[in-house]
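> Provided herewith: my_file.tsv, TSV, N, CA, C and O atoms.
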```tsv
chain	number	residue	atom	x	y	z
I	1	THR	N	10.24	-10.22	-35.13
I	1	THR	CA	9.07	-9.58	-34.53
I	1	THR	C	9.46	-8.26	-33.88
I	1	THR	O	10.59	-8.09	-33.44
I	2	THR	N	8.50	-7.37	-33.79
I	2	THR	CA	8.71	-6.06	-33.19
I	2	THR	C	7.92	-5.97	-31.90
I	2	THR	O	6.74	-6.33	-31.86
I	3	ALA	N	8.54	-5.50	-30.83
I	3	ALA	CA	7.87	-5.35	-29.54
I	3	ALA	C	7.02	-4.08	-29.56
I	3	ALA	O	7.45	-3.05	-30.06
I	4	ALA	N	5.82	-4.18	-29.03
I	4	ALA	CA	4.93	-3.02	-28.95
I	4	ALA	C	4.86	-2.55	-27.50
I	4	ALA	O	4.89	-3.36	-26.58
I	5	ALA	N	4.77	-1.26	-27.29
I	5	ALA	CA	4.62	-0.71	-25.94
I	5	ALA	C	3.14	-0.64	-25.59
I	5	ALA	O	2.34	-0.13	-26.37
I	6	CYS	N	2.81	-1.18	-24.45
I	6	CYS	CA	1.42	-1.14	-23.98
I	6	CYS	C	1.29	-0.05	-22.92
I	6	CYS	O	2.07	-0.03	-21.96
I	7	GLU	N	0.32	0.82	-23.08
I	7	GLU	CA	0.12	1.96	-22.17
I	7	GLU	C	-0.06	1.51	-20.73
I	7	GLU	O	0.47	2.11	-19.80
I	8	HIS	N	-0.82	0.43	-20.50
I	8	HIS	CA	-1.13	-0.04	-19.15
I	8	HIS	C	-0.44	-1.36	-18.83
I	8	HIS	O	-0.87	-2.08	-17.94
I	9	GLY	N	0.59	-1.71	-19.58
I	9	GLY	CA	1.29	-2.98	-19.35
I	9	GLY	C	0.64	-4.09	-20.16
I	9	GLY	O	-0.30	-3.88	-20.93
I	10	CYS	N	1.20	-5.31	-20.01
I	10	CYS	CA	0.63	-6.42	-20.76
I	10	CYS	C	0.43	-7.63	-19.86
I	10	CYS	O	1.01	-7.73	-18.78
I	11	SER	N	-0.41	-8.53	-20.30
I	11	SER	CA	-0.71	-9.76	-19.59
I	11	SER	C	-1.01	-10.85	-20.61
I	11	SER	O	-1.82	-10.65	-21.51
I	12	ASP	N	-0.34	-11.99	-20.48
I	12	ASP	CA	-0.54	-13.12	-21.39
I	12	ASP	C	-0.36	-12.72	-22.86
I	12	ASP	O	-1.13	-13.13	-23.73
I	13	GLY	N	0.62	-11.86	-23.15
I	13	GLY	CA	0.92	-11.48	-24.52
I	13	GLY	C	0.01	-10.45	-25.13
I	13	GLY	O	0.06	-10.17	-26.31
I	14	ALA	N	-0.90	-9.85	-24.32
I	14	ALA	CA	-1.82	-8.83	-24.84
I	14	ALA	C	-1.77	-7.59	-23.96
I	14	ALA	O	-1.47	-7.67	-22.77
I	15	CYS	N	-2.08	-6.44	-24.55
I	15	CYS	CA	-2.11	-5.19	-23.79
I	15	CYS	C	-3.31	-5.18	-22.84
I	15	CYS	O	-4.41	-5.60	-23.21
I	16	LYS	N	-3.08	-4.66	-21.62
I	16	LYS	CA	-4.19	-4.47	-20.68
I	16	LYS	C	-4.95	-3.22	-21.10
I	16	LYS	O	-4.36	-2.26	-21.59
I	17	LYS	N	-6.26	-3.23	-20.90
I	17	LYS	CA	-7.10	-2.13	-21.36
I	17	LYS	C	-7.29	-1.03	-20.34
I	17	LYS	O	-7.47	0.11	-20.67
I	18	GLU	N	-7.31	-1.37	-19.06
I	18	GLU	CA	-7.60	-0.40	-18.00
I	18	GLU	C	-6.41	-0.21	-17.08
I	18	GLU	O	-5.70	-1.14	-16.78
I	19	ALA	N	-6.27	1.02	-16.58
I	19	ALA	CA	-5.22	1.29	-15.61
I	19	ALA	C	-5.45	0.49	-14.34
I	19	ALA	O	-4.53	0.13	-13.65
I	20	SER	N	-6.72	0.20	-14.01
I	20	SER	CA	-7.02	-0.55	-12.80
I	20	SER	C	-6.44	-1.95	-12.84
I	20	SER	O	-6.28	-2.58	-11.82
I	21	GLU	N	-6.13	-2.44	-14.03
I	21	GLU	CA	-5.54	-3.76	-14.16
I	21	GLU	C	-4.05	-3.75	-13.82
I	21	GLU	O	-3.43	-4.79	-13.76
I	22	THR	N	-3.47	-2.59	-13.59
I	22	THR	CA	-2.04	-2.50	-13.33
I	22	THR	C	-1.73	-2.51	-11.84
I	22	THR	O	-0.66	-2.11	-11.43
I	23	GLY	N	-2.65	-2.94	-11.01
I	23	GLY	CA	-2.39	-3.05	-9.58
I	23	GLY	C	-3.09	-2.01	-8.73
I	23	GLY	O	-3.08	-2.10	-7.52
I	24	LYS	N	-3.67	-0.97	-9.32
I	24	LYS	CA	-4.40	0.02	-8.54
I	24	LYS	C	-5.82	-0.49	-8.35
I	24	LYS	O	-6.56	-0.66	-9.31
I	25	GLU	N	-6.18	-0.70	-7.10
I	25	GLU	CA	-7.53	-1.16	-6.79
I	25	GLU	C	-8.29	-0.01	-6.13
I	25	GLU	O	-7.76	0.67	-5.26
I	26	CYS	N	-9.51	0.21	-6.55
I	26	CYS	CA	-10.36	1.25	-5.96
I	26	CYS	C	-11.17	0.61	-4.83
I	26	CYS	O	-11.91	-0.35	-5.06
I	27	VAL	N	-11.01	1.15	-3.61
I	27	VAL	CA	-11.72	0.60	-2.44
I	27	VAL	C	-12.42	1.74	-1.72
I	27	VAL	O	-11.80	2.74	-1.37
I	28	ASP	N	-13.73	1.58	-1.49
I	28	ASP	CA	-14.55	2.59	-0.80
I	28	ASP	C	-14.78	2.13	0.64
I	28	ASP	O	-15.39	1.10	0.87
I	29	SER	N	-14.30	2.91	1.60
I	29	SER	CA	-14.39	2.53	3.02
I	29	SER	C	-15.82	2.43	3.53
I	29	SER	O	-16.10	1.66	4.44
I	30	ASP	N	-16.75	3.20	2.94
I	30	ASP	CA	-18.15	3.14	3.39
I	30	ASP	C	-19.05	2.45	2.37
I	30	ASP	O	-20.26	2.61	2.39
I	31	SER	N	-18.46	1.68	1.49
I	31	SER	CA	-19.18	0.81	0.56
I	31	SER	C	-20.13	1.51	-0.41
I	31	SER	O	-21.18	0.98	-0.74
I	32	GLY	N	-19.79	2.71	-0.85
I	32	GLY	CA	-20.60	3.35	-1.87
I	32	GLY	C	-21.33	4.58	-1.38
I	32	GLY	O	-20.82	5.34	-0.57
I	33	LEU	N	-22.55	4.77	-1.85
I	33	LEU	CA	-23.31	5.98	-1.54
I	33	LEU	C	-23.95	5.88	-0.16
I	33	LEU	O	-25.13	5.57	-0.01
I	34	MET	N	-23.16	6.16	0.86
I	34	MET	CA	-23.62	6.18	2.25
I	34	MET	C	-23.49	7.63	2.73
I	34	MET	O	-22.46	8.03	3.25
I	35	TYR	N	-24.54	8.40	2.50
I	35	TYR	CA	-24.48	9.84	2.75
I	35	TYR	C	-24.35	10.20	4.23
I	35	TYR	O	-23.86	11.27	4.57
I	36	ASN	N	-24.80	9.32	5.14
I	36	ASN	CA	-24.75	9.60	6.57
I	36	ASN	C	-23.47	9.10	7.23
I	36	ASN	O	-23.34	9.16	8.44
I	37	VAL	N	-22.53	8.58	6.43
I	37	VAL	CA	-21.27	8.05	6.94
I	37	VAL	C	-20.12	8.74	6.22
I	37	VAL	O	-20.07	8.73	4.99
I	38	SER	N	-19.21	9.32	6.98
I	38	SER	CA	-18.03	9.93	6.38
I	38	SER	C	-17.02	8.83	6.07
I	38	SER	O	-16.74	7.98	6.91
I	39	GLY	N	-16.51	8.82	4.85
I	39	GLY	CA	-15.57	7.78	4.46
I	39	GLY	C	-14.56	8.30	3.47
I	39	GLY	O	-14.39	9.51	3.29
I	40	PHE	N	-13.88	7.37	2.81
I	40	PHE	CA	-12.88	7.74	1.82
I	40	PHE	C	-12.73	6.61	0.81
I	40	PHE	O	-13.12	5.47	1.06
I	41	VAL	N	-12.17	6.95	-0.33
I	41	VAL	CA	-11.84	5.97	-1.36
I	41	VAL	C	-10.33	5.92	-1.45
I	41	VAL	O	-9.68	6.97	-1.51
I	42	SER	N	-9.78	4.72	-1.44
I	42	SER	CA	-8.34	4.59	-1.68
I	42	SER	C	-8.13	4.04	-3.08
I	42	SER	O	-8.88	3.19	-3.55
I	43	TYR	N	-7.10	4.56	-3.73
I	43	TYR	CA	-6.77	4.16	-5.09
I	43	TYR	C	-5.25	4.20	-5.21
I	43	TYR	O	-4.66	5.27	-5.32
I	44	GLY	N	-4.64	3.04	-5.14
I	44	GLY	CA	-3.19	2.99	-5.10
I	44	GLY	C	-2.72	3.64	-3.82
I	44	GLY	O	-3.15	3.29	-2.73
I	45	THR	N	-1.86	4.65	-3.92
I	45	THR	CA	-1.35	5.36	-2.74
I	45	THR	C	-2.15	6.62	-2.43
I	45	THR	O	-1.83	7.34	-1.50
I	46	LEU	N	-3.21	6.89	-3.20
I	46	LEU	CA	-4.01	8.10	-3.02
I	46	LEU	C	-5.27	7.82	-2.22
I	46	LEU	O	-5.81	6.72	-2.24
I	47	ALA	N	-5.76	8.85	-1.52
I	47	ALA	CA	-7.02	8.76	-0.78
I	47	ALA	C	-7.91	9.95	-1.14
I	47	ALA	O	-7.42	11.08	-1.23
I	48	TYR	N	-9.18	9.69	-1.37
I	48	TYR	CA	-10.17	10.72	-1.70
I	48	TYR	C	-11.23	10.70	-0.62
I	48	TYR	O	-11.98	9.74	-0.50
I	49	GLU	N	-11.29	11.76	0.20
I	49	GLU	CA	-12.20	11.80	1.34
I	49	GLU	C	-13.54	12.43	0.97
I	49	GLU	O	-13.60	13.34	0.15
I	50	ASP	N	-14.61	11.96	1.63
I	50	ASP	CA	-15.90	12.63	1.56
I	50	ASP	C	-15.73	14.00	2.24
I	50	ASP	O	-15.05	14.09	3.26
I	51	PHE	N	-16.35	15.05	1.68
I	51	PHE	CA	-16.22	16.36	2.31
I	51	PHE	C	-17.46	17.20	2.04
I	51	PHE	O	-18.23	16.93	1.12
I	52	CYS	N	-17.63	18.21	2.89
I	52	CYS	CA	-18.73	19.16	2.73
I	52	CYS	C	-18.21	20.32	1.90
I	52	CYS	O	-17.17	20.90	2.20
I	53	GLU	N	-18.93	20.65	0.84
I	53	GLU	CA	-18.52	21.73	-0.06
I	53	GLU	C	-18.81	23.08	0.59
I	53	GLU	O	-19.93	23.33	1.03
I	54	THR	N	-17.82	23.93	0.64
I	54	THR	CA	-18.00	25.24	1.24
I	54	THR	C	-18.79	26.14	0.30
I	54	THR	O	-18.72	26.00	-0.92
I	55	GLY	N	-19.55	27.04	0.88
I	55	GLY	CA	-20.33	27.97	0.09
I	55	GLY	C	-21.59	27.38	-0.51
I	55	GLY	O	-22.18	27.94	-1.40
I	56	ALA	N	-21.99	26.21	-0.02
I	56	ALA	CA	-23.19	25.55	-0.54
I	56	ALA	C	-24.29	25.50	0.52
I	56	ALA	O	-25.09	24.59	0.56
I	57	GLY	N	-24.30	26.50	1.40
I	57	GLY	CA	-25.33	26.58	2.43
I	57	GLY	C	-25.25	25.47	3.47
I	57	GLY	O	-26.25	25.09	4.05
I	58	ASP	N	-24.08	24.94	3.69
I	58	ASP	CA	-23.84	23.86	4.67
I	58	ASP	C	-24.63	22.60	4.37
I	58	ASP	O	-24.89	21.80	5.26
I	59	GLN	N	-25.04	22.37	3.12
I	59	GLN	CA	-25.84	21.19	2.79
I	59	GLN	C	-25.22	20.28	1.75
I	59	GLN	O	-25.59	19.13	1.65
I	60	ARG	N	-24.29	20.74	0.93
I	60	ARG	CA	-23.76	19.95	-0.18
I	60	ARG	C	-22.63	19.04	0.27
I	60	ARG	O	-21.62	19.46	0.76
I	61	LEU	N	-22.83	17.74	0.07
I	61	LEU	CA	-21.84	16.72	0.36
I	61	LEU	C	-21.19	16.27	-0.94
I	61	LEU	O	-21.87	16.11	-1.95
I	62	LYS	N	-19.88	16.10	-0.94
I	62	LYS	CA	-19.17	15.50	-2.07
I	62	LYS	C	-18.74	14.11	-1.60
I	62	LYS	O	-17.83	13.97	-0.77
I	63	GLU	N	-19.44	13.10	-2.08
I	63	GLU	CA	-19.24	11.71	-1.68
I	63	GLU	C	-18.28	11.03	-2.64
I	63	GLU	O	-18.51	11.00	-3.85
I	64	ALA	N	-17.17	10.52	-2.11
I	64	ALA	CA	-16.20	9.80	-2.93
I	64	ALA	C	-16.68	8.36	-3.11
I	64	ALA	O	-17.07	7.70	-2.15
I	65	ILE	N	-16.69	7.89	-4.37
I	65	ILE	CA	-17.11	6.52	-4.67
I	65	ILE	C	-16.15	5.91	-5.69
I	65	ILE	O	-15.34	6.61	-6.29
I	66	CYS	N	-16.28	4.61	-5.89
I	66	CYS	CA	-15.57	3.93	-6.97
I	66	CYS	C	-16.55	3.75	-8.12
I	66	CYS	O	-17.64	3.21	-7.93
I	67	ALA	N	-16.19	4.25	-9.29
I	67	ALA	CA	-17.03	4.11	-10.48
I	67	ALA	C	-16.18	3.49	-11.59
I	67	ALA	O	-15.18	4.08	-11.98
I	68	PHE	N	-16.57	2.32	-12.02
I	68	PHE	CA	-15.83	1.61	-13.06
I	68	PHE	C	-14.36	1.42	-12.68
I	68	PHE	O	-13.47	1.58	-13.50
I	69	GLY	N	-14.13	1.15	-11.38
I	69	GLY	CA	-12.78	0.86	-10.90
I	69	GLY	C	-11.90	2.06	-10.63
I	69	GLY	O	-10.72	1.92	-10.33
I	70	LYS	N	-12.49	3.28	-10.71
I	70	LYS	CA	-11.70	4.50	-10.47
I	70	LYS	C	-12.46	5.44	-9.53
I	70	LYS	O	-13.68	5.43	-9.50
I	71	PRO	N	-11.73	6.28	-8.78
I	71	PRO	CA	-12.39	7.20	-7.85
I	71	PRO	C	-13.13	8.32	-8.58
I	71	PRO	O	-12.71	8.77	-9.65
I	72	GLU	N	-14.25	8.72	-7.98
I	72	GLU	CA	-15.08	9.79	-8.55
I	72	GLU	C	-15.84	10.44	-7.41
I	72	GLU	O	-16.14	9.79	-6.41
I	73	TYR	N	-16.15	11.72	-7.55
I	73	TYR	CA	-16.98	12.42	-6.55
I	73	TYR	C	-18.40	12.58	-7.08
I	73	TYR	O	-18.62	12.88	-8.25
I	74	VAL	N	-19.37	12.39	-6.17
I	74	VAL	CA	-20.78	12.58	-6.48
I	74	VAL	C	-21.30	13.67	-5.54
I	74	VAL	O	-21.10	13.59	-4.33
I	75	ALA	N	-21.95	14.68	-6.09
I	75	ALA	CA	-22.53	15.75	-5.27
I	75	ALA	C	-23.91	15.32	-4.78
I	75	ALA	O	-24.69	14.73	-5.52
I	76	TYR	N	-24.19	15.61	-3.50
I	76	TYR	CA	-25.48	15.27	-2.91
I	76	TYR	C	-25.88	16.40	-1.96
I	76	TYR	O	-25.07	16.84	-1.14
I	77	ASP	N	-27.12	16.88	-2.08
I	77	ASP	CA	-27.62	17.90	-1.17
I	77	ASP	C	-28.28	17.22	0.02
I	77	ASP	O	-29.33	16.57	-0.12
I	78	CYS	N	-27.66	17.38	1.19
I	78	CYS	CA	-28.19	16.78	2.42
I	78	CYS	C	-29.53	17.42	2.78
I	78	CYS	O	-29.69	18.64	2.62
I	79	PRO	N	-30.49	16.63	3.28
I	79	PRO	CA	-31.79	17.19	3.65
I	79	PRO	C	-31.69	18.25	4.75
I	79	PRO	O	-32.45	19.21	4.75
I	80	ARG	N	-30.76	18.08	5.68
I	80	ARG	CA	-30.62	19.04	6.77
I	80	ARG	C	-29.31	19.82	6.67
I	80	ARG	O	-29.29	20.99	6.39
I	81	LYS	N	-28.19	19.12	6.93
I	81	LYS	CA	-26.91	19.80	7.01
I	81	LYS	C	-25.79	18.80	6.73
I	81	LYS	O	-25.93	17.61	6.99
I	82	CYS	N	-24.69	19.28	6.20
I	82	CYS	CA	-23.49	18.48	5.98
I	82	CYS	C	-22.45	18.89	7.02
I	82	CYS	O	-22.21	20.08	7.22
I	83	SER	N	-21.85	17.92	7.68
I	83	SER	CA	-20.84	18.19	8.68
I	83	SER	C	-19.78	17.10	8.67
I	83	SER	O	-20.12	15.91	8.72
I	84	GLN	N	-18.54	17.47	8.59
I	84	GLN	CA	-17.39	16.56	8.63
I	84	GLN	C	-17.51	15.40	7.63
I	84	GLN	O	-17.25	14.25	7.96
I	85	GLY	N	-17.93	15.71	6.42
I	85	GLY	CA	-17.99	14.72	5.35
I	85	GLY	C	-19.18	13.78	5.38
I	85	GLY	O	-19.15	12.72	4.76
I	86	ALA	N	-20.25	14.17	6.05
I	86	ALA	CA	-21.46	13.33	6.11
I	86	ALA	C	-22.69	14.18	6.33
I	86	ALA	O	-22.60	15.28	6.90
I	87	CYS	N	-23.84	13.68	5.91
I	87	CYS	CA	-25.11	14.35	6.18
I	87	CYS	C	-25.50	14.10	7.64
I	87	CYS	O	-25.39	12.98	8.13
I	88	VAL	N	-25.95	15.16	8.31
I	88	VAL	CA	-26.38	15.07	9.70
I	88	VAL	C	-27.87	14.75	9.71
I	88	VAL	O	-28.65	15.41	9.02
I	89	GLN	N	-28.24	13.77	10.49
I	89	GLN	CA	-29.65	13.34	10.56
I	89	GLN	C	-30.50	14.30	11.34
I	89	GLN	O	-30.12	14.92	12.24
```
Have the structure of the file written as structure tokens, please.


Amino acid sequence: TTAAACEHGCSDGACKKEASETGKECVDSDSGLMYNVSGFVSYGTLAYEDFCETGAGDQRLKEAICAFGKPEYVAYDCPRKCSQGACVQ
């Protein structure tokens, strides 16, 4: 028999399909799309923080979320103002 290399490792004699199966778990500190709460997503040893986009009239929030087990940013225009990674009420 010939050994095959699996890109994301193997489990029970089969290749794993997703990188998230290799021990990296995506965790959102504010549980998803919480525009009024500043939070972060952790993924392995990396952290992705919610932040206010500069040059967007002080209103554009970049919200970090977990999508399909991986970190992703979602743009959101705050009704009033974005400050320190959250929409201000």

> Cys82 in chain I: which residues within 7 Å, counting only C-alpha atoms, same-chain residues fewer than 2 positions away excluded, as JSON, numbers by chain?

{"I": [52, 58, 59, 60, 61, 78, 84, 85, 86, 87, 88]}

> Please write the residues from the selection above to a file, keeping N, CA, C and O atoms, as a compact mmCIF listing (two decimals), keeping the file's coordinate frame.


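Saved as selection_29.txt:
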```txt
# COMPACT_ATOMS: atom_id res chain seq x y z
N CYS I 52 -17.63 18.21 2.89
CA CYS I 52 -18.73 19.16 2.73
C CYS I 52 -18.21 20.32 1.90
O CYS I 52 -17.17 20.90 2.20
N ASP I 58 -24.08 24.94 3.69
CA ASP I 58 -23.84 23.86 4.67
C ASP I 58 -24.63 22.60 4.37
O ASP I 58 -24.89 21.80 5.26
N GLN I 59 -25.04 22.37 3.12
CA GLN I 59 -25.84 21.19 2.79
C GLN I 59 -25.22 20.28 1.75
O GLN I 59 -25.59 19.13 1.65
N ARG I 60 -24.29 20.74 0.93
CA ARG I 60 -23.76 19.95 -0.18
C ARG I 60 -22.63 19.04 0.27
O ARG I 60 -21.62 19.46 0.76
N LEU I 61 -22.83 17.74 0.07
CA LEU I 61 -21.84 16.72 0.36
C LEU I 61 -21.19 16.27 -0.94
O LEU I 61 -21.87 16.11 -1.95
N CYS I 78 -27.66 17.38 1.19
CA CYS I 78 -28.19 16.78 2.42
C CYS I 78 -29.53 17.42 2.78
O CYS I 78 -29.69 18.64 2.62
N GLN I 84 -18.54 17.47 8.59
CA GLN I 84 -17.39 16.56 8.63
C GLN I 84 -17.51 15.40 7.63
O GLN I 84 -17.25 14.25 7.96
N GLY I 85 -17.93 15.71 6.42
CA GLY I 85 -17.99 14.72 5.35
C GLY I 85 -19.18 13.78 5.38
O GLY I 85 -19.15 12.72 4.76
N ALA I 86 -20.25 14.17 6.05
CA ALA I 86 -21.46 13.33 6.11
C ALA I 86 -22.69 14.18 6.33
O ALA I 86 -22.60 15.28 6.90
N CYS I 87 -23.84 13.68 5.91
CA CYS I 87 -25.11 14.35 6.18
C CYS I 87 -25.50 14.10 7.64
O CYS I 87 -25.39 12.98 8.13
N VAL I 88 -25.95 15.16 8.31
CA VAL I 88 -26.38 15.07 9.70
C VAL I 88 -27.87 14.75 9.71
O VAL I 88 -28.65 15.41 9.02
```

> Tell me which protein, DNA and RNA residues are within 10 Å of Tyr73 in chain I, counting only C-alpha atoms, leaving out same-chain ones fewer than 6 positions away, and put them as an mmCIF file with N, CA, C and O atoms, in the frame of the given file.


```
data_model
loop_
_atom_site.group_PDB
_atom_site.id
_atom_site.type_symbol
_atom_site.label_atom_id
_atom_site.label_comp_id
_atom_site.auth_asym_id
_atom_site.auth_seq_id
_atom_site.Cartn_x
_atom_site.Cartn_y
_atom_site.Cartn_z
ATOM 1 N N VAL I 41 -12.170 6.950 -0.330
ATOM 2 C CA VAL I 41 -11.840 5.970 -1.360
ATOM 3 C C VAL I 41 -10.330 5.920 -1.450
ATOM 4 O O VAL I 41 -9.680 6.970 -1.510
ATOM 5 N N TYR I 48 -9.180 9.690 -1.370
ATOM 6 C CA TYR I 48 -10.170 10.720 -1.700
ATOM 7 C C TYR I 48 -11.230 10.700 -0.620
ATOM 8 O O TYR I 48 -11.980 9.740 -0.500
ATOM 9 N N GLU I 49 -11.290 11.760 0.200
ATOM 10 C CA GLU I 49 -12.200 11.800 1.340
ATOM 11 C C GLU I 49 -13.540 12.430 0.970
ATOM 12 O O GLU I 49 -13.600 13.340 0.150
ATOM 13 N N ASP I 50 -14.610 11.960 1.630
ATOM 14 C CA ASP I 50 -15.900 12.630 1.560
ATOM 15 C C ASP I 50 -15.730 14.000 2.240
ATOM 16 O O ASP I 50 -15.050 14.090 3.260
ATOM 17 N N PHE I 51 -16.350 15.050 1.680
ATOM 18 C CA PHE I 51 -16.220 16.360 2.310
ATOM 19 C C PHE I 51 -17.460 17.200 2.040
ATOM 20 O O PHE I 51 -18.230 16.930 1.120
ATOM 21 N N LEU I 61 -22.830 17.740 0.070
ATOM 22 C CA LEU I 61 -21.840 16.720 0.360
ATOM 23 C C LEU I 61 -21.190 16.270 -0.940
ATOM 24 O O LEU I 61 -21.870 16.110 -1.950
ATOM 25 N N LYS I 62 -19.880 16.100 -0.940
ATOM 26 C CA LYS I 62 -19.170 15.500 -2.070
ATOM 27 C C LYS I 62 -18.740 14.110 -1.600
ATOM 28 O O LYS I 62 -17.830 13.970 -0.770
ATOM 29 N N GLU I 63 -19.440 13.100 -2.080
ATOM 30 C CA GLU I 63 -19.240 11.710 -1.680
ATOM 31 C C GLU I 63 -18.280 11.030 -2.640
ATOM 32 O O GLU I 63 -18.510 11.000 -3.850
ATOM 33 N N ALA I 64 -17.170 10.520 -2.110
ATOM 34 C CA ALA I 64 -16.200 9.800 -2.930
ATOM 35 C C ALA I 64 -16.680 8.360 -3.110
ATOM 36 O O ALA I 64 -17.070 7.700 -2.150
ATOM 37 N N ILE I 65 -16.690 7.890 -4.370
ATOM 38 C CA ILE I 65 -17.110 6.520 -4.670
ATOM 39 C C ILE I 65 -16.150 5.910 -5.690
ATOM 40 O O ILE I 65 -15.340 6.610 -6.290
ATOM 41 N N CYS I 66 -16.280 4.610 -5.890
ATOM 42 C CA CYS I 66 -15.570 3.930 -6.970
ATOM 43 C C CYS I 66 -16.550 3.750 -8.120
ATOM 44 O O CYS I 66 -17.640 3.210 -7.930
ATOM 45 N N ALA I 67 -16.190 4.250 -9.290
ATOM 46 C CA ALA I 67 -17.030 4.110 -10.480
ATOM 47 C C ALA I 67 -16.180 3.490 -11.590
ATOM 48 O O ALA I 67 -15.180 4.080 -11.980
#
```

> What does the structure give for the distance between CA of Gly44 in chain I and CA of Glu25 in chain I, in Å to one decimal?

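So the answer is 6.2 Å.
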
> Box time for range 50-63 of chain I: axis-aligned, enclosing all its listed atoms, 3 Å extra on each side; report centre and edge lengths in Å to one decimal, as AutoDock Vina command-line options.


```
--center_x -20.4 --center_y 19.5 --center_z 0.7 --size_x 17.6 --size_y 23.0 --size_z 15.1
```

> Provide the atom N of Gly69 in chain I to atom O of Glu53 in chain I distance in Å, to one decimal place.

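Separating atom N of Gly69 in chain I from atom O of Glu53 in chain I is a distance of 26.1 Å.
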
> Export C-alpha atoms of range 28-82 of chain I from the structure just given, as a compact mmCIF listing (two decimals), in the first residue's frame?


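Saved to result_23.txt:
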```txt
# COMPACT_ATOMS: atom_id res chain seq x y z
CA ASP I 28 -16.82 34.67 18.95
CA SER I 29 -16.64 36.51 22.29
CA ASP I 30 -19.89 38.43 21.64
CA SER I 31 -21.77 35.48 20.12
CA GLY I 32 -22.15 36.74 16.56
CA LEU I 33 -23.66 39.89 15.10
CA MET I 34 -23.82 42.08 18.21
CA TYR I 35 -23.23 45.53 16.75
CA ASN I 36 -23.52 47.38 20.10
CA VAL I 37 -20.88 45.18 21.79
CA SER I 38 -17.17 45.31 21.00
CA GLY I 39 -15.74 41.81 20.82
CA PHE I 40 -13.30 39.55 19.05
CA VAL I 41 -13.05 36.18 17.35
CA SER I 42 -10.33 33.76 18.37
CA TYR I 43 -9.09 31.16 15.92
CA GLY I 44 -6.21 29.04 17.12
CA THR I 45 -3.58 31.51 18.36
CA LEU I 46 -5.02 34.43 16.33
CA ALA I 47 -7.53 37.09 17.40
CA TYR I 48 -9.71 39.22 15.10
CA GLU I 49 -11.14 42.30 16.83
CA ASP I 50 -14.25 44.30 15.95
CA PHE I 51 -13.13 47.75 14.76
CA CYS I 52 -14.39 51.02 13.34
CA GLU I 53 -13.26 51.57 9.75
CA THR I 54 -11.44 54.85 9.30
CA GLY I 55 -12.58 57.21 6.58
CA ALA I 56 -16.15 55.90 6.67
CA GLY I 57 -17.70 58.95 8.36
CA ASP I 58 -17.32 57.44 11.85
CA GLN I 59 -20.20 55.02 11.14
CA ARG I 60 -18.79 51.83 9.55
CA LEU I 61 -18.22 48.91 11.90
CA LYS I 62 -16.24 45.81 10.88
CA GLU I 63 -17.73 43.03 13.00
CA ALA I 64 -15.65 39.86 13.38
CA ILE I 65 -17.76 36.67 13.28
CA CYS I 66 -17.34 32.93 12.82
CA ALA I 67 -18.67 31.78 9.44
CA PHE I 68 -18.54 28.07 8.63
CA GLY I 69 -15.98 27.57 11.40
CA LYS I 70 -13.60 30.32 10.23
CA PRO I 71 -13.18 34.03 11.08
CA GLU I 72 -14.70 36.62 8.75
CA TYR I 73 -15.44 40.36 8.88
CA VAL I 74 -18.89 41.78 8.17
CA ALA I 75 -19.30 45.50 7.39
CA TYR I 76 -22.18 47.30 9.11
CA ASP I 77 -23.15 50.98 8.97
CA CYS I 78 -24.05 52.10 12.49
CA PRO I 79 -27.22 54.25 12.70
CA ARG I 80 -25.38 56.92 14.72
CA LYS I 81 -21.66 56.41 15.24
CA CYS I 82 -19.01 53.71 15.60
```
